[in-house]
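A quick write-up on the structure given underneath.
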Protein chains: 2
Amino acid sequence: MSRTNVEVDDLVAAARGGSPRAVARLISLVEDASPRLREVMSALRPHVGHAHVIGLTGAPGVGKSTTTNALVRELRAAGKRVGVLAVDPSSPFSGGALLGDRIRMSDHATDAGVYIRSMASRGHLGGLAWSTPQAIRVLDGAGFDVVLVETVGVGQSEVEIAGLADTTLVLLAPGMGDGIQAAKAGILEIGDVYVVNKADRDGAAKVRRELRSMLTLAARPEGAWRPPVVAIAAQSHTDLDKLTAAIEEHRAWLDDSGTLRQRRIRRAREEVEAIAVAALRSRWEPQGGGRLDELAAAVAAGESDPYAAADALLG
Amino acid sequence: MSRTNVEVDDLVAAARGGSPRAVARLISLVEDASPRLREVMSALRPHVGHAHVIGLTGAPGVGKSTTTNALVRELRAAGKRVGVLAVDPSSPFSGGALLGDRIRMSDHATDAGVYIRSMASRGHLGGLAWSTPQAIRVLDGAGFDVVLVETVGVGQSEVEIAGLADTTLVLLAPGMGDGIQAAKAGILEIGDVYVVNKADRDGAAKVRRELRSMLTLAARPEGAWRPPVVAIAAQSHTDLDKLTAAIEEHRAWLDDSGTLRQRRIRRAREEVEAIAVAALRSRWEPQGGGRLDELAAAVAAGESDPYAAADALLG
């Protein structure tokens, strides 16, 4: 393991200097839940807070990866360094990236201003809820102007992207089923910008219309952000400029309204809490069994109930 | 709130006596994270451990609800009392059941031997990871012979059904995309019985063949369970007897191999841990801000890093 020979400060400096390899190693430390993360996060501290964190979510099939790809191209054209985290909670067992994501991202494979990483929960500690905010922090501290977090689906509490992002994009597309899908996913509560992808297909106008009317009905307090609906066709790179304009507008509102600070406190909360909970879990679950195992066995045998066992664990 | 007038012991006795209303109230206490759960779980303790907990999972569109419905019918014909929890992690905002699930279940609406409940995370405490095992415990303690837990998708760590169930059924169907979908969801690791639904449709034989060959390739230790592949057509109630036979066979193997006890200890672990973590969170997050909020604000302002803040939270 050459990794242990590299000083954390050097790694952080190299990542800030634009080395994709250094960024990759830092994120691997996050994925591996390395004890050195403590040093990493301390070294990154003075550099974080610059990146605009954009979440991108939607049901399978709406074109999330294609849209991410097109958005990266648009942001690159504006001279921004872009980090992408493709978060896949549906893949706890693969322990790594899916080929698909990377293939679709190959447009940017030779661009040093773009860093793309697929993350899959490896099942240890708090999984993606634990690693995602820390990976965002690494990319932020490494100097990326935008961190795009692409998640599969919405509403999975493991990675509640709406709780992590400054700006949350919710993608829809025609042909993905009727209105109940939208209601089911709870998307009307989480989007800052709604994106109707595949706008060149049949049914896109209907999706926009329905979405607009549902958004109009939603009660929003005075001064609240009113999420726009932007139609694009990511595949043909149509109207991506409208999407970046909407994102910029939201960013300006975040700054002006003080919401940016609130959201970042919320993100920090999630991060601190996930680290604290993981630390406790690792105390409860030393390798090869421990107090929790004993208590669980007693509950399973009917000798105790889970509340009494939890009391014993904490007390 | 008449709820507070009812003694927990009476409620448990009524639930065990077959009152669906009493069962519903007990599960509502779970969903509401009631402080009275402590008493409820203590009162249920002598009665739990009887139910066979069957998890049913698969991608959207494979026919999970239809299969649940058909399986309930089959189990009822065998004289078993069946509790169903339809767990929907994609609906954190709805705070309740979706109409769809209930409509599809209306076959059993007048059958007192069947209790069906849709559960949606309300976002408090540990969400479904917290409430699902406790709801299973309520149904188990109420005397149901089988508890069926239907989850949307696989691999969402919030409700890792494979960690909760005695027997996990993984559903597939033809026309749901190619092999990568199966690999993506990590389903080859979690199923005890694989069910190919819509077996009367084109492509079902191919799904069975691919699945069988993938399962054959998977390395399994000596004496391990070898998951069968059962083809059914839930809509027309075709071959459901083969599915219940496979489930029975797995149950016998669980008993003989000692695996049942291990799985139940694992379930108890999840339950105890979720309760303990929720208890800690509620200490950290008193209403209207607290220590965690202060620490998060310091992290967001760049004055601290998340590890230092987590240390401060725990210390």
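Letters A, B, ... mark the chains of the structure tokens in the order given; residue numbers begin at 1 per chain; ligand numbers begin at 1, in order shown.
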(Q) Env of Ala245 of chain B: 12 Å cut, atoms = only C-alpha atoms, seq-sep filter 2 positions within chain, self excluded. Answer as a list of chain:residue names. (A) B:Leu71, B:Glu74, B:Leu75, B:Ala78, B:Val193, B:Pro228, B:Val229, B:Val230, B:Asp239, B:Leu240, B:Asp241, B:Lys242, B:Leu243, B:Ile247, B:Glu248, B:Glu249, B:His250, B:Arg251, B:Ala252
Please provide chain A as a JSON list (two decimals) with C-alpha atoms, in the first residue's frame, once it has been superposed on chain B by least squares across all sequentially paired Cα atoms.
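Generated file (out_34.json):
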```
[["chain", "number", "residue", "atom", "x", "y", "z"],
["A", 1, "MET", "CA", -57.01, 10.89, 21.60],
["A", 2, "SER", "CA", -58.86, 7.83, 22.80],
["A", 3, "ARG", "CA", -55.66, 5.92, 22.24],
["A", 4, "THR", "CA", -54.23, 6.98, 25.52],
["A", 5, "ASN", "CA", -57.22, 5.51, 27.32],
["A", 6, "VAL", "CA", -56.52, 2.05, 26.12],
["A", 7, "GLU", "CA", -54.13, 0.03, 28.18],
["A", 8, "VAL", "CA", -51.31, -1.53, 26.25],
["A", 9, "ASP", "CA", -52.00, -4.97, 27.69],
["A", 10, "ASP", "CA", -55.61, -4.81, 26.50],
["A", 11, "LEU", "CA", -54.49, -3.72, 23.07],
["A", 12, "VAL", "CA", -52.03, -6.59, 22.80],
["A", 13, "ALA", "CA", -54.67, -9.06, 24.00],
["A", 14, "ALA", "CA", -57.19, -7.72, 21.47],
["A", 15, "ALA", "CA", -54.62, -7.93, 18.66],
["A", 16, "ARG", "CA", -53.85, -11.52, 19.62],
["A", 17, "GLY", "CA", -57.59, -12.20, 19.69],
["A", 18, "GLY", "CA", -57.82, -11.22, 16.02],
["A", 19, "SER", "CA", -58.91, -7.59, 16.16],
["A", 20, "PRO", "CA", -57.57, -5.82, 13.08],
["A", 21, "ARG", "CA", -58.31, -2.51, 14.78],
["A", 22, "ALA", "CA", -56.03, -3.38, 17.69],
["A", 23, "VAL", "CA", -53.28, -4.46, 15.29],
["A", 24, "ALA", "CA", -53.70, -1.20, 13.38],
["A", 25, "ARG", "CA", -53.38, 0.82, 16.54],
["A", 26, "LEU", "CA", -50.25, -0.99, 17.61],
["A", 27, "ILE", "CA", -48.63, -0.39, 14.23],
["A", 28, "SER", "CA", -49.68, 3.25, 14.40],
["A", 29, "LEU", "CA", -47.79, 3.49, 17.67],
["A", 30, "VAL", "CA", -44.74, 2.22, 15.78],
["A", 31, "GLU", "CA", -45.26, 4.66, 12.91],
["A", 32, "ASP", "CA", -45.73, 7.54, 15.34],
["A", 33, "ALA", "CA", -42.65, 6.49, 17.31],
["A", 34, "SER", "CA", -44.80, 6.57, 20.42],
["A", 35, "PRO", "CA", -43.10, 6.56, 23.81],
["A", 36, "ARG", "CA", -45.56, 3.76, 24.68],
["A", 37, "LEU", "CA", -43.74, 1.38, 22.33],
["A", 38, "ARG", "CA", -41.51, 0.50, 25.20],
["A", 39, "GLU", "CA", -44.51, -1.00, 27.00],
["A", 40, "VAL", "CA", -45.88, -2.51, 23.80],
["A", 41, "MET", "CA", -42.68, -4.37, 23.03],
["A", 42, "SER", "CA", -42.41, -5.59, 26.58],
["A", 43, "ALA", "CA", -46.00, -6.87, 26.46],
["A", 44, "LEU", "CA", -45.42, -8.59, 23.11],
["A", 45, "ARG", "CA", -42.15, -10.24, 24.18],
["A", 46, "PRO", "CA", -43.60, -13.58, 25.35],
["A", 47, "HIS", "CA", -45.52, -14.00, 22.09],
["A", 48, "VAL", "CA", -42.94, -13.32, 19.41],
["A", 49, "GLY", "CA", -40.87, -15.76, 17.38],
["A", 50, "HIS", "CA", -43.66, -17.78, 15.83],
["A", 51, "ALA", "CA", -44.24, -15.98, 12.51],
["A", 52, "HIS", "CA", -42.39, -16.87, 9.36],
["A", 53, "VAL", "CA", -41.17, -13.55, 7.99],
["A", 54, "ILE", "CA", -41.10, -13.55, 4.20],
["A", 55, "GLY", "CA", -39.57, -10.65, 2.29],
["A", 56, "LEU", "CA", -40.64, -10.01, -1.26],
["A", 57, "THR", "CA", -38.64, -7.65, -3.40],
["A", 58, "GLY", "CA", -37.90, -6.79, -7.01],
["A", 59, "ALA", "CA", -37.73, -3.91, -9.43],
["A", 60, "PRO", "CA", -40.80, -1.78, -10.12],
["A", 61, "GLY", "CA", -43.06, -3.45, -12.66],
["A", 62, "VAL", "CA", -42.26, -7.09, -11.91],
["A", 63, "GLY", "CA", -45.60, -7.56, -10.19],
["A", 64, "LYS", "CA", -44.77, -7.45, -6.49],
["A", 65, "SER", "CA", -48.23, -6.46, -5.32],
["A", 66, "THR", "CA", -49.96, -8.94, -7.60],
["A", 67, "THR", "CA", -47.66, -11.67, -6.35],
["A", 68, "THR", "CA", -48.20, -10.66, -2.73],
["A", 69, "ASN", "CA", -51.92, -10.79, -3.37],
["A", 70, "ALA", "CA", -51.74, -14.25, -4.94],
["A", 71, "LEU", "CA", -49.44, -15.53, -2.21],
["A", 72, "VAL", "CA", -51.79, -14.29, 0.49],
["A", 73, "ARG", "CA", -54.64, -16.14, -1.22],
["A", 74, "GLU", "CA", -52.57, -19.33, -1.34],
["A", 75, "LEU", "CA", -51.52, -19.06, 2.31],
["A", 76, "ARG", "CA", -55.10, -18.31, 3.37],
["A", 77, "ALA", "CA", -56.26, -21.43, 1.55],
["A", 78, "ALA", "CA", -53.81, -23.33, 3.77],
["A", 79, "GLY", "CA", -55.47, -21.78, 6.84],
["A", 80, "LYS", "CA", -52.68, -19.39, 7.76],
["A", 81, "ARG", "CA", -53.17, -15.93, 9.22],
["A", 82, "VAL", "CA", -51.17, -13.52, 7.12],
["A", 83, "GLY", "CA", -49.93, -10.04, 7.89],
["A", 84, "VAL", "CA", -48.62, -7.89, 5.05],
["A", 85, "LEU", "CA", -46.38, -4.85, 5.35],
["A", 86, "ALA", "CA", -46.02, -2.93, 2.12],
["A", 87, "VAL", "CA", -42.95, -0.85, 2.70],
["A", 88, "ASP", "CA", -42.38, 2.06, 0.38],
["A", 89, "PRO", "CA", -39.11, 3.86, 0.91],
["A", 90, "SER", "CA", -39.74, 5.96, -2.18],
["A", 91, "SER", "CA", -42.51, 7.76, -0.37],
["A", 92, "PRO", "CA", -40.96, 9.64, 2.54],
["A", 93, "PHE", "CA", -43.22, 12.60, 2.03],
["A", 94, "SER", "CA", -46.63, 11.03, 1.66],
["A", 95, "GLY", "CA", -46.77, 10.02, 5.30],
["A", 96, "GLY", "CA", -49.08, 7.19, 4.47],
["A", 97, "ALA", "CA", -50.18, 4.48, 2.15],
["A", 98, "LEU", "CA", -50.60, 4.76, -1.55],
["A", 99, "LEU", "CA", -54.01, 4.00, -2.86],
["A", 100, "GLY", "CA", -52.61, 1.62, -5.45],
["A", 101, "ASP", "CA", -51.43, -0.97, -2.94],
["A", 102, "ARG", "CA", -54.70, -1.03, -1.16],
["A", 103, "ILE", "CA", -56.77, -1.31, -4.30],
["A", 104, "ARG", "CA", -54.80, -4.28, -5.44],
["A", 105, "MET", "CA", -55.25, -5.87, -2.05],
["A", 106, "SER", "CA", -59.02, -5.47, -2.02],
["A", 107, "ASP", "CA", -59.48, -9.21, -2.63],
["A", 108, "HIS", "CA", -58.75, -9.67, 1.05],
["A", 109, "ALA", "CA", -60.56, -6.65, 2.41],
["A", 110, "THR", "CA", -63.21, -8.66, 4.19],
["A", 111, "ASP", "CA", -60.96, -11.46, 5.41],
["A", 112, "ALA", "CA", -60.20, -11.17, 9.13],
["A", 113, "GLY", "CA", -57.30, -13.61, 8.70],
["A", 114, "VAL", "CA", -55.42, -11.06, 6.63],
["A", 115, "TYR", "CA", -54.04, -7.77, 7.83],
["A", 116, "ILE", "CA", -52.52, -5.41, 5.25],
["A", 117, "ARG", "CA", -50.67, -2.24, 5.99],
["A", 118, "SER", "CA", -48.74, 0.13, 3.79],
["A", 119, "MET", "CA", -45.95, 1.85, 5.61],
["A", 120, "ALA", "CA", -44.20, 5.00, 4.50],
["A", 121, "SER", "CA", -41.34, 6.63, 6.30],
["A", 122, "ARG", "CA", -42.37, 9.87, 7.90],
["A", 123, "GLY", "CA", -38.83, 11.00, 8.09],
["A", 124, "HIS", "CA", -38.51, 10.97, 11.86],
["A", 125, "LEU", "CA", -35.93, 8.96, 13.72],
["A", 126, "GLY", "CA", -34.52, 6.18, 11.63],
["A", 127, "GLY", "CA", -37.48, 6.02, 9.24],
["A", 128, "LEU", "CA", -38.33, 2.60, 7.91],
["A", 129, "ALA", "CA", -35.17, 0.98, 9.21],
["A", 130, "TRP", "CA", -36.53, 1.84, 12.61],
["A", 131, "SER", "CA", -40.20, 1.08, 12.10],
["A", 132, "THR", "CA", -40.18, -2.00, 9.87],
["A", 133, "PRO", "CA", -38.63, -4.51, 12.28],
["A", 134, "GLN", "CA", -40.91, -3.21, 15.04],
["A", 135, "ALA", "CA", -43.98, -3.55, 12.84],
["A", 136, "ILE", "CA", -42.90, -7.11, 12.02],
["A", 137, "ARG", "CA", -42.61, -7.72, 15.76],
["A", 138, "VAL", "CA", -46.15, -6.41, 16.31],
["A", 139, "LEU", "CA", -47.61, -8.74, 13.66],
["A", 140, "ASP", "CA", -45.56, -11.65, 14.97],
["A", 141, "GLY", "CA", -46.68, -11.01, 18.52],
["A", 142, "ALA", "CA", -50.28, -10.58, 17.34],
["A", 143, "GLY", "CA", -50.23, -14.20, 16.24],
["A", 144, "PHE", "CA", -49.88, -14.03, 12.46],
["A", 145, "ASP", "CA", -48.40, -17.21, 11.04],
["A", 146, "VAL", "CA", -46.76, -15.43, 8.15],
["A", 147, "VAL", "CA", -45.59, -11.83, 7.89],
["A", 148, "LEU", "CA", -45.02, -10.79, 4.29],
["A", 149, "VAL", "CA", -42.90, -7.70, 3.81],
["A", 150, "GLU", "CA", -43.12, -6.23, 0.33],
["A", 151, "THR", "CA", -40.41, -3.70, -0.52],
["A", 152, "VAL", "CA", -39.90, -1.55, -3.56],
["A", 153, "GLY", "CA", -36.66, -2.39, -5.26],
["A", 154, "VAL", "CA", -33.71, -4.07, -3.66],
["A", 155, "GLY", "CA", -30.56, -2.87, -2.07],
["A", 156, "GLN", "CA", -31.88, 0.20, -0.36],
["A", 157, "SER", "CA", -30.04, 0.04, 2.85],
["A", 158, "GLU", "CA", -32.88, 1.79, 4.62],
["A", 159, "VAL", "CA", -34.90, -1.37, 4.50],
["A", 160, "GLU", "CA", -32.57, -4.17, 3.70],
["A", 161, "ILE", "CA", -35.23, -6.79, 3.52],
["A", 162, "ALA", "CA", -32.66, -9.56, 3.23],
["A", 163, "GLY", "CA", -31.50, -8.59, 6.68],
["A", 164, "LEU", "CA", -35.00, -8.69, 8.14],
["A", 165, "ALA", "CA", -36.69, -11.69, 6.58],
["A", 166, "ASP", "CA", -36.40, -15.38, 7.35],
["A", 167, "THR", "CA", -36.99, -16.08, 3.67],
["A", 168, "THR", "CA", -36.36, -13.54, 0.93],
["A", 169, "LEU", "CA", -38.19, -13.87, -2.38],
["A", 170, "VAL", "CA", -36.69, -11.99, -5.30],
["A", 171, "LEU", "CA", -39.09, -11.34, -8.15],
["A", 172, "LEU", "CA", -38.15, -10.96, -11.76],
["A", 173, "ALA", "CA", -40.22, -10.74, -14.89],
["A", 174, "PRO", "CA", -39.60, -10.77, -18.63],
["A", 175, "GLY", "CA", -39.36, -7.46, -20.43],
["A", 176, "MET", "CA", -37.61, -5.61, -17.60],
["A", 177, "GLY", "CA", -34.34, -4.96, -19.39],
["A", 178, "ASP", "CA", -31.29, -7.11, -19.79],
["A", 179, "GLY", "CA", -28.89, -8.88, -17.53],
["A", 180, "ILE", "CA", -27.19, -5.78, -16.14],
["A", 181, "GLN", "CA", -30.38, -4.96, -14.23],
["A", 182, "ALA", "CA", -30.04, -8.15, -12.26],
["A", 183, "ALA", "CA", -26.37, -7.55, -11.56],
["A", 184, "LYS", "CA", -27.02, -3.94, -10.64],
["A", 185, "ALA", "CA", -29.54, -4.76, -8.01],
["A", 186, "GLY", "CA", -27.22, -7.24, -6.39],
["A", 187, "ILE", "CA", -30.08, -9.70, -6.33],
["A", 188, "LEU", "CA", -27.95, -12.78, -6.73],
["A", 189, "GLU", "CA", -26.69, -12.39, -3.19],
["A", 190, "ILE", "CA", -29.97, -11.88, -1.41],
["A", 191, "GLY", "CA", -32.61, -14.28, -2.73],
["A", 192, "ASP", "CA", -33.60, -17.50, -0.98],
["A", 193, "VAL", "CA", -36.20, -18.20, -3.65],
["A", 194, "TYR", "CA", -36.20, -16.57, -7.09],
["A", 195, "VAL", "CA", -39.60, -16.03, -8.62],
["A", 196, "VAL", "CA", -40.05, -15.42, -12.33],
["A", 197, "ASN", "CA", -43.45, -13.78, -12.57],
["A", 198, "LYS", "CA", -45.46, -13.32, -15.79],
["A", 199, "ALA", "CA", -44.19, -16.73, -16.82],
["A", 200, "ASP", "CA", -46.87, -16.84, -19.51],
["A", 201, "ARG", "CA", -45.23, -13.95, -21.36],
["A", 202, "ASP", "CA", -42.58, -13.91, -24.06],
["A", 203, "GLY", "CA", -39.10, -13.93, -22.68],
["A", 204, "ALA", "CA", -39.92, -15.68, -19.39],
["A", 205, "ALA", "CA", -38.00, -18.81, -20.37],
["A", 206, "LYS", "CA", -34.98, -16.66, -21.18],
["A", 207, "VAL", "CA", -35.13, -14.92, -17.79],
["A", 208, "ARG", "CA", -35.29, -18.31, -16.05],
["A", 209, "ARG", "CA", -32.42, -19.66, -18.08],
["A", 210, "GLU", "CA", -30.19, -16.65, -17.45],
["A", 211, "LEU", "CA", -31.05, -16.59, -13.80],
["A", 212, "ARG", "CA", -30.35, -20.30, -13.37],
["A", 213, "SER", "CA", -27.00, -20.02, -15.08],
["A", 214, "MET", "CA", -26.02, -17.01, -12.99],
["A", 215, "LEU", "CA", -27.06, -18.81, -9.81],
["A", 216, "THR", "CA", -25.09, -21.87, -10.85],
["A", 217, "LEU", "CA", -21.97, -19.79, -11.31],
["A", 218, "ALA", "CA", -22.26, -18.22, -7.87],
["A", 219, "ALA", "CA", -19.90, -19.90, -5.43],
["A", 220, "ARG", "CA", -21.75, -21.37, -2.46],
["A", 221, "PRO", "CA", -20.18, -23.26, 0.41],
["A", 222, "GLU", "CA", -20.97, -26.89, 1.18],
["A", 223, "GLY", "CA", -24.33, -27.28, 2.91],
["A", 224, "ALA", "CA", -25.50, -23.83, 1.84],
["A", 225, "TRP", "CA", -29.01, -23.30, 0.57],
["A", 226, "ARG", "CA", -29.28, -23.43, -3.20],
["A", 227, "PRO", "CA", -31.98, -20.96, -4.19],
["A", 228, "PRO", "CA", -34.57, -22.46, -6.52],
["A", 229, "VAL", "CA", -36.13, -20.58, -9.43],
["A", 230, "VAL", "CA", -39.92, -20.80, -9.46],
["A", 231, "ALA", "CA", -41.99, -19.63, -12.42],
["A", 232, "ILE", "CA", -45.46, -18.29, -11.72],
["A", 233, "ALA", "CA", -48.13, -16.13, -13.28],
["A", 234, "ALA", "CA", -49.52, -14.28, -10.29],
["A", 235, "GLN", "CA", -52.23, -12.53, -12.27],
["A", 236, "SER", "CA", -53.87, -15.82, -13.25],
["A", 237, "HIS", "CA", -52.84, -17.52, -9.98],
["A", 238, "THR", "CA", -50.77, -20.06, -11.86],
["A", 239, "ASP", "CA", -48.28, -22.26, -9.95],
["A", 240, "LEU", "CA", -48.56, -20.42, -6.65],
["A", 241, "ASP", "CA", -48.52, -23.84, -4.99],
["A", 242, "LYS", "CA", -44.99, -24.32, -6.33],
["A", 243, "LEU", "CA", -43.98, -21.07, -4.72],
["A", 244, "THR", "CA", -45.41, -21.98, -1.32],
["A", 245, "ALA", "CA", -43.72, -25.38, -1.57],
["A", 246, "ALA", "CA", -40.36, -23.70, -2.23],
["A", 247, "ILE", "CA", -40.94, -21.36, 0.72],
["A", 248, "GLU", "CA", -41.76, -24.31, 2.98],
["A", 249, "GLU", "CA", -38.66, -26.12, 1.85],
["A", 250, "HIS", "CA", -36.54, -23.10, 2.65],
["A", 251, "ARG", "CA", -38.17, -22.81, 6.04],
["A", 252, "ALA", "CA", -37.32, -26.44, 6.79],
["A", 253, "TRP", "CA", -33.72, -25.82, 5.77],
["A", 254, "LEU", "CA", -33.58, -22.73, 7.99],
["A", 255, "ASP", "CA", -34.65, -24.82, 10.96],
["A", 256, "ASP", "CA", -32.38, -27.77, 10.22],
["A", 257, "SER", "CA", -29.27, -25.73, 9.50],
["A", 258, "GLY", "CA", -29.59, -23.39, 12.46],
["A", 259, "THR", "CA", -29.76, -20.47, 10.04],
["A", 260, "LEU", "CA", -33.14, -19.36, 11.36],
["A", 261, "ARG", "CA", -31.66, -18.49, 14.70],
["A", 262, "GLN", "CA", -28.79, -16.60, 13.07],
["A", 263, "ARG", "CA", -31.14, -14.59, 10.91],
["A", 264, "ARG", "CA", -33.32, -13.70, 13.84],
["A", 265, "ILE", "CA", -30.34, -12.56, 15.84],
["A", 266, "ARG", "CA", -29.41, -10.38, 12.88],
["A", 267, "ARG", "CA", -32.94, -8.97, 12.77],
["A", 268, "ALA", "CA", -32.84, -8.28, 16.50],
["A", 269, "ARG", "CA", -29.48, -6.57, 16.07],
["A", 270, "GLU", "CA", -30.88, -4.22, 13.46],
["A", 271, "GLU", "CA", -33.83, -3.50, 15.67],
["A", 272, "VAL", "CA", -31.86, -2.84, 18.84],
["A", 273, "GLU", "CA", -29.31, -0.74, 17.01],
["A", 274, "ALA", "CA", -31.96, 1.34, 15.24],
["A", 275, "ILE", "CA", -33.70, 2.04, 18.55],
["A", 276, "ALA", "CA", -30.42, 2.96, 20.23],
["A", 277, "VAL", "CA", -29.35, 5.25, 17.39],
["A", 278, "ALA", "CA", -32.78, 6.92, 17.36],
["A", 279, "ALA", "CA", -32.53, 7.47, 21.11],
["A", 280, "LEU", "CA", -29.16, 9.15, 20.66],
["A", 281, "ARG", "CA", -30.42, 11.28, 17.80],
["A", 282, "SER", "CA", -33.30, 12.51, 19.86],
["A", 283, "ARG", "CA", -30.79, 13.52, 22.54],
["A", 284, "TRP", "CA", -28.68, 15.37, 19.97],
["A", 285, "GLU", "CA", -31.60, 17.06, 18.28],
["A", 286, "PRO", "CA", -33.91, 18.47, 20.90],
["A", 287, "GLN", "CA", -36.71, 20.49, 19.32],
["A", 288, "GLY", "CA", -35.61, 23.97, 18.39],
["A", 289, "GLY", "CA", -31.91, 23.29, 17.98],
["A", 290, "GLY", "CA", -29.27, 21.94, 20.25],
["A", 291, "ARG", "CA", -25.67, 20.90, 20.44],
["A", 292, "LEU", "CA", -25.68, 19.30, 16.98],
["A", 293, "ASP", "CA", -27.01, 22.51, 15.41],
["A", 294, "GLU", "CA", -24.25, 24.56, 16.99],
["A", 295, "LEU", "CA", -21.60, 22.14, 15.81],
["A", 296, "ALA", "CA", -23.09, 21.96, 12.30],
["A", 297, "ALA", "CA", -23.08, 25.75, 12.08],
["A", 298, "ALA", "CA", -19.41, 25.79, 13.04],
["A", 299, "VAL", "CA", -18.63, 23.20, 10.36],
["A", 300, "ALA", "CA", -20.65, 25.08, 7.73],
["A", 301, "ALA", "CA", -18.82, 28.28, 8.63],
["A", 302, "GLY", "CA", -15.46, 26.58, 8.14],
["A", 303, "GLU", "CA", -14.56, 26.92, 11.83],
["A", 304, "SER", "CA", -14.55, 23.20, 12.43],
["A", 305, "ASP", "CA", -14.41, 19.98, 10.45],
["A", 306, "PRO", "CA", -16.95, 17.19, 10.70],
["A", 307, "TYR", "CA", -14.71, 14.78, 12.61],
["A", 308, "ALA", "CA", -13.83, 17.32, 15.24],
["A", 309, "ALA", "CA", -17.53, 18.17, 15.51],
["A", 310, "ALA", "CA", -18.50, 14.50, 15.85],
["A", 311, "ASP", "CA", -15.91, 14.11, 18.60],
["A", 312, "ALA", "CA", -17.41, 17.10, 20.38],
["A", 313, "LEU", "CA", -20.91, 15.65, 19.98],
["A", 314, "LEU", "CA", -19.93, 12.32, 21.49],
["A", 315, "GLY", "CA", -17.50, 13.58, 24.08]]
```
Q. Looking only at the backbone, which of the residues in segment 195-232 of chain B does DSSP tag as alpha helix (DSSP H), as number ranges by chain?
A. B: 204-217
Q.
For the structure I just gave you, how does DSSP split segment 119-304 of chain A - specifically, which residues are strand (DSSP E)? Reply as a VMD selection string.
A. chain A and resid 119 146 to 151 167 to 172 193 to 196 229 to 231
How about saving the chosen residues, N, CA and C atoms kept, as a tab-separated table (two decimals), in the first residue's frame?
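The resulting file, part29.tsv, is reproduced below:
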```
chain	number	residue	atom	x	y	z
A	119	MET	N	-20.08	6.02	-7.03
A	119	MET	CA	-19.93	5.54	-5.66
A	119	MET	C	-21.01	4.52	-5.36
A	146	VAL	N	-18.19	23.28	-9.32
A	146	VAL	CA	-19.51	22.65	-9.22
A	146	VAL	C	-19.31	21.19	-8.84
A	147	VAL	N	-20.08	20.72	-7.90
A	147	VAL	CA	-20.13	19.28	-7.61
A	147	VAL	C	-21.54	18.80	-7.94
A	148	LEU	N	-21.61	17.92	-8.93
A	148	LEU	CA	-22.89	17.36	-9.37
A	148	LEU	C	-23.07	16.00	-8.71
A	149	VAL	N	-24.15	15.82	-8.01
A	149	VAL	CA	-24.41	14.52	-7.39
A	149	VAL	C	-25.63	13.91	-8.06
A	150	GLU	N	-25.38	12.82	-8.78
A	150	GLU	CA	-26.48	12.15	-9.49
A	150	GLU	C	-26.93	10.96	-8.66
A	151	THR	N	-28.22	10.94	-8.29
A	151	THR	CA	-28.73	9.80	-7.51
A	151	THR	C	-29.81	9.07	-8.28
A	167	THR	N	-28.62	23.08	-4.71
A	167	THR	CA	-29.68	23.16	-5.72
A	167	THR	C	-30.04	21.75	-6.16
A	168	THR	N	-31.29	21.40	-6.04
A	168	THR	CA	-31.73	20.06	-6.45
A	168	THR	C	-32.51	20.12	-7.75
A	169	LEU	N	-32.02	19.39	-8.75
A	169	LEU	CA	-32.72	19.27	-10.02
A	169	LEU	C	-33.52	17.97	-10.01
A	170	VAL	N	-34.79	18.06	-10.32
A	170	VAL	CA	-35.60	16.85	-10.44
A	170	VAL	C	-35.92	16.64	-11.91
A	171	LEU	N	-35.54	15.49	-12.42
A	171	LEU	CA	-35.76	15.17	-13.83
A	171	LEU	C	-37.02	14.37	-14.04
A	172	LEU	N	-37.74	14.74	-15.08
A	172	LEU	CA	-38.87	13.93	-15.52
A	172	LEU	C	-38.74	13.76	-17.02
A	193	VAL	N	-35.29	23.09	-9.25
A	193	VAL	CA	-35.50	23.28	-10.69
A	193	VAL	C	-36.04	21.95	-11.22
A	194	TYR	N	-37.13	22.00	-11.94
A	194	TYR	CA	-37.69	20.79	-12.56
A	194	TYR	C	-37.26	20.76	-14.02
A	195	VAL	N	-36.76	19.62	-14.43
A	195	VAL	CA	-36.23	19.48	-15.78
A	195	VAL	C	-37.05	18.42	-16.50
A	196	VAL	N	-37.70	18.81	-17.59
A	196	VAL	CA	-38.39	17.83	-18.42
A	196	VAL	C	-37.44	17.47	-19.55
A	229	VAL	N	-39.80	25.23	-14.41
A	229	VAL	CA	-39.79	23.99	-15.19
A	229	VAL	C	-39.03	24.27	-16.48
A	230	VAL	N	-37.95	23.55	-16.69
A	230	VAL	CA	-37.11	23.77	-17.86
A	230	VAL	C	-37.18	22.53	-18.76
A	231	ALA	N	-37.47	22.74	-20.03
A	231	ALA	CA	-37.53	21.61	-20.97
A	231	ALA	C	-36.21	21.53	-21.74
```
